[in-house]
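Novice: Have a look at this one.
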Amino acid sequence: MSWSWSEYFPYPDYLRLFRMVVTELPEYYRTEPSEGTLNELRLYSHITWGDVRVGVLMAVVWTIIRTLLTVLIFKPVGRYLELTKSNQAKMPESAWRFFFYLTSWSCVAYTLLWNHAEIVRDPPKSFIGWSSDMEVAWDVKMCYLIQGSYYLHGLVTVLILDVWRSDSMVLCMHHVLTLVLITLSYACRYHFLGLMVVLYHDFNDIFLEFSKCQIYLKDRGNKKYMIHEYLANAGFAVFTVSWCIMRMYLYPLKVLYNVLPSTAKIYYKDHLPFGLECNSMMWLLMCLDIYWFVYIVIFLYKIFTKELSEFEDIREDNEEIEEDKKVKEEKEKNGAKHVSGDGVANGVITDTAAINGNGLKKRHPIPSS
């Protein structure tokens with residue numbers, strides 16, 4: 001399987017992309033034959049009730065698998081390792097997502113990069129021989145069932161099971177948007193573009209959830225295990241770099257650029273439905289990517305300005321943060337009289353290295369003999 005670097009990594013030209021969007025989409029809407037979105041759904045979308053039933057059934061299966069993993073593995077491990085109360089509640093969520101994203105992204109990457117590599121090199125080829133009732137390859141259909149059922153399951157669990165955070169509402173919007181995109185792209189046979197959206201979005205989620213798991217595992221019992229901080233930092237570094245490459249670079253230039261009418265019709269000249277709708281939803285997804293990228297920038301800023309001395313999830317809800325602070329302060333207060341070092345004043349460790357950020361805070365000091 002031969003490929004060239006330039007085919008997978010096109011020359012960045014965001015300005016040209018923006019100009020094409022501004023000029024082409026209004027023109028497409030004005031000139032393309034269309035009887036309205038509802039009529040186009042009736043004419044050009046094909047999805048069977050069998051597909052819907054299998055998707056809903058798989059969403060139930062995902063919920064059962066998550067529940068079993070949480071009850072039988074994740075929670076017992078959290079209790080055995082003596083994680084903090086809030087980390088015991090949050091660790092199963094991240095462990096589950098890490099398991100799913102690693103599994104599902106591997107399936108999508110294998111399907112696209114191995115079985116359909118020509119589509120990744122030249123996305124407009126996905127429209128060759130297009131028809132709204134064309135057969136979908138079994139491997140592509142399986143990837144769609146996995147993705148669609150997971151986001152249906154994920155929407156329910158964010159609302160009911162997961163810990164509510166400052167961006168949970170945005171996450172719900174993301175799940176709804178992704179579910180609509182998955183359903184629409186499959187129904188109107190834009191399935192390869194749908195899989196490319198997954199390819200460029202889910203990879204960094206693997207390392208985000210991996211890093212969060214390491215955060216939760218770092219403080220357990222009466223000890224701090226620094227190996228988990230190193231792993232969390234490494235995972236976050238991969239997450240940040242992959243976010244910039246895949247979501248901020250390859251997604252707009254491989255997907256948003258190639259779903260525009262002029263590029264989509266390189267190999268297919270007839271009417272392609274839902275051009276305005278698909279483009280609008282994919283650009284909305286890009287806006288959500290930029291929204292979350294702001295969190296990354298804020299986190300990096302806090303690290304560089306030493307406002308944060310260690311990796312943590314800046315999205316956590318205030319109640320959990322205050323609870324962990326109270327537990328930490330209580331432990332420090334109870335153990336302060338045993339601390340040896342530069343001194344203690346009013347229950348606060350005055351170790352010079354800790355104050356200056358040159359050493360580790362002694363959350364659980366060892367009693368002096």
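In the structure tokens, chains take letters A, B, ... by order of appearance, with residues numbered from 1 within each chain and ligands from 1 in the order shown.
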Using only C-alpha atoms, determine which residues lie at most 8 Å from A:Val108, disregarding the query and same-chain residues fewer than 2 positions distant; provide the list as a count of residues only.
Specialist: 10
Novice: Can you pull out every residue within 8 Å of A:Ser126, counting only C-alpha atoms, but drop anything in the same chain fewer than 6 positions away, and send it as a ChimeraX atom specification?
Specialist: /A:119,190,192-193
Novice: Out of stretch 61-253 of chain A, which residues get strand (DSSP E) from DSSP, as a list of chain:residue names?
Specialist: A:Asp219, A:Arg220, A:Lys223, A:Lys224
Novice: Which of these, A:Thr240, A:Ser166, A:Ser45, A:Thr103, has the shortest distance to A:Ile296 once you count only C-alpha atoms?
Specialist: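 Checking each candidate against A:Ile296, we get A:Thr240 as the closest.
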Novice: Can you tell me which residues surround A:Tyr14 at a distance of at most 12 Å, considering only C-alpha atoms, apart from same-chain residues fewer than 6 positions away, and format the answer as a short mmCIF file (atom, residue, chain, number, x, y, z; two decimals) with C-alpha atoms, in the first residue's frame?
Specialist:
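Final output, part_36.cif:
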```cif
data_model
loop_
_atom_site.label_atom_id
_atom_site.label_comp_id
_atom_site.auth_asym_id
_atom_site.auth_seq_id
_atom_site.Cartn_x
_atom_site.Cartn_y
_atom_site.Cartn_z
CA MET A 20 -15.08 28.84 -0.52
CA VAL A 21 -17.60 28.35 2.25
CA MET A 248 -7.80 21.70 13.89
CA TYR A 249 -5.86 20.72 10.76
CA LEU A 250 -6.91 17.46 9.09
CA TYR A 251 -10.63 17.71 9.88
CA PRO A 252 -11.17 21.10 8.19
CA LEU A 253 -8.82 20.40 5.28
CA LYS A 254 -9.75 16.77 4.69
CA LEU A 256 -14.85 20.34 5.56
CA TYR A 257 -12.95 21.21 2.38
#
```
Novice: So the first atom is atom CA of A:Asn233 and the second is atom CA of A:Asn204; what is the distance between them in Å, to one decimal place?
Specialist: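 Atom-to-atom, atom CA of A:Asn233 and atom CA of A:Asn204 are spaced 13.9 Å apart.
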Novice: Just the residues within 12 Å of A:Phe236, please, counting only C-alpha atoms, with nothing from its chain fewer than 6 positions along; format it as a ChimeraX atom specification.
Specialist: /A:204-215,228-230,242-243,296,299-300,310-313
Novice: How about saving the chosen residues, N, CA and C atoms kept, as an mmCIF file, in the first residue's frame?
Specialist:
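Output (result05.cif):
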```cif
data_model
loop_
_atom_site.group_PDB
_atom_site.id
_atom_site.type_symbol
_atom_site.label_atom_id
_atom_site.label_comp_id
_atom_site.auth_asym_id
_atom_site.auth_seq_id
_atom_site.Cartn_x
_atom_site.Cartn_y
_atom_site.Cartn_z
ATOM 1 N N ASN A 204 -7.826 11.530 19.802
ATOM 2 C CA ASN A 204 -7.328 12.264 20.970
ATOM 3 C C ASN A 204 -8.151 11.979 22.214
ATOM 4 N N ASP A 205 -9.409 11.526 22.053
ATOM 5 C CA ASP A 205 -10.207 11.171 23.222
ATOM 6 C C ASP A 205 -9.612 9.979 23.963
ATOM 7 N N ILE A 206 -8.932 9.091 23.241
ATOM 8 C CA ILE A 206 -8.266 7.961 23.889
ATOM 9 C C ILE A 206 -7.279 8.468 24.927
ATOM 10 N N PHE A 207 -6.463 9.441 24.540
ATOM 11 C CA PHE A 207 -5.408 9.932 25.430
ATOM 12 C C PHE A 207 -5.951 10.885 26.496
ATOM 13 N N LEU A 208 -7.064 11.556 26.201
ATOM 14 C CA LEU A 208 -7.689 12.382 27.228
ATOM 15 C C LEU A 208 -8.175 11.506 28.376
ATOM 16 N N GLU A 209 -8.908 10.447 28.046
ATOM 17 C CA GLU A 209 -9.435 9.577 29.093
ATOM 18 C C GLU A 209 -8.317 8.811 29.795
ATOM 19 N N PHE A 210 -7.278 8.442 29.062
ATOM 20 C CA PHE A 210 -6.122 7.793 29.674
ATOM 21 C C PHE A 210 -5.487 8.718 30.714
ATOM 22 N N SER A 211 -5.305 9.988 30.352
ATOM 23 C CA SER A 211 -4.687 10.947 31.264
ATOM 24 C C SER A 211 -5.551 11.176 32.493
ATOM 25 N N LYS A 212 -6.861 11.254 32.307
ATOM 26 C CA LYS A 212 -7.750 11.457 33.439
ATOM 27 C C LYS A 212 -7.712 10.264 34.396
ATOM 28 N N CYS A 213 -7.621 9.061 33.840
ATOM 29 C CA CYS A 213 -7.491 7.876 34.697
ATOM 30 C C CYS A 213 -6.221 7.956 35.542
ATOM 31 N N GLN A 214 -5.139 8.421 34.926
ATOM 32 C CA GLN A 214 -3.885 8.544 35.662
ATOM 33 C C GLN A 214 -3.993 9.585 36.782
ATOM 34 N N ILE A 215 -4.746 10.661 36.531
ATOM 35 C CA ILE A 215 -4.967 11.664 37.572
ATOM 36 C C ILE A 215 -5.651 11.037 38.773
ATOM 37 N N HIS A 228 2.084 7.987 37.924
ATOM 38 C CA HIS A 228 0.817 8.323 37.272
ATOM 39 C C HIS A 228 0.799 9.776 36.814
ATOM 40 N N GLU A 229 1.488 10.659 37.528
ATOM 41 C CA GLU A 229 1.576 12.046 37.073
ATOM 42 C C GLU A 229 2.394 12.135 35.789
ATOM 43 N N TYR A 230 3.489 11.372 35.721
ATOM 44 C CA TYR A 230 4.292 11.367 34.499
ATOM 45 C C TYR A 230 3.483 10.821 33.321
ATOM 46 N N SER A 242 -2.262 15.749 19.077
ATOM 47 C CA SER A 242 -3.199 15.076 18.174
ATOM 48 C C SER A 242 -4.442 15.922 17.931
ATOM 49 N N TRP A 243 -4.865 16.694 18.949
ATOM 50 C CA TRP A 243 -6.013 17.598 18.763
ATOM 51 C C TRP A 243 -5.688 18.638 17.693
ATOM 52 N N ILE A 296 -8.130 23.679 26.507
ATOM 53 C CA ILE A 296 -6.735 23.230 26.434
ATOM 54 C C ILE A 296 -5.797 24.414 26.599
ATOM 55 N N PHE A 299 -5.763 25.603 30.171
ATOM 56 C CA PHE A 299 -4.989 24.687 31.009
ATOM 57 C C PHE A 299 -3.495 24.902 30.826
ATOM 58 N N LEU A 300 -3.052 25.015 29.566
ATOM 59 C CA LEU A 300 -1.632 25.235 29.316
ATOM 60 C C LEU A 300 -1.168 26.569 29.899
ATOM 61 N N GLU A 310 0.139 20.889 38.899
ATOM 62 C CA GLU A 310 0.045 19.507 38.450
ATOM 63 C C GLU A 310 -1.163 19.355 37.540
ATOM 64 N N PHE A 311 -1.204 18.228 36.820
ATOM 65 C CA PHE A 311 -2.273 17.959 35.879
ATOM 66 C C PHE A 311 -3.569 17.719 36.641
ATOM 67 N N GLU A 312 -4.640 18.416 36.251
ATOM 68 C CA GLU A 312 -5.953 18.175 36.812
ATOM 69 C C GLU A 312 -6.999 18.557 35.781
ATOM 70 N N ASP A 313 -8.230 18.082 35.988
ATOM 71 C CA ASP A 313 -9.325 18.368 35.060
ATOM 72 C C ASP A 313 -9.962 19.689 35.455
#
```
Novice: One decimal, in Å: what's the spacing between atom CA of A:Ile303 and atom CA of A:Tyr101?
Specialist: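 Those two atoms sit 26.9 Å apart.
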Novice: If I take atom CA of A:His174 and atom CA of A:Leu284, how far is one from the other in Å, to one decimal?
Specialist: 9.3 Å
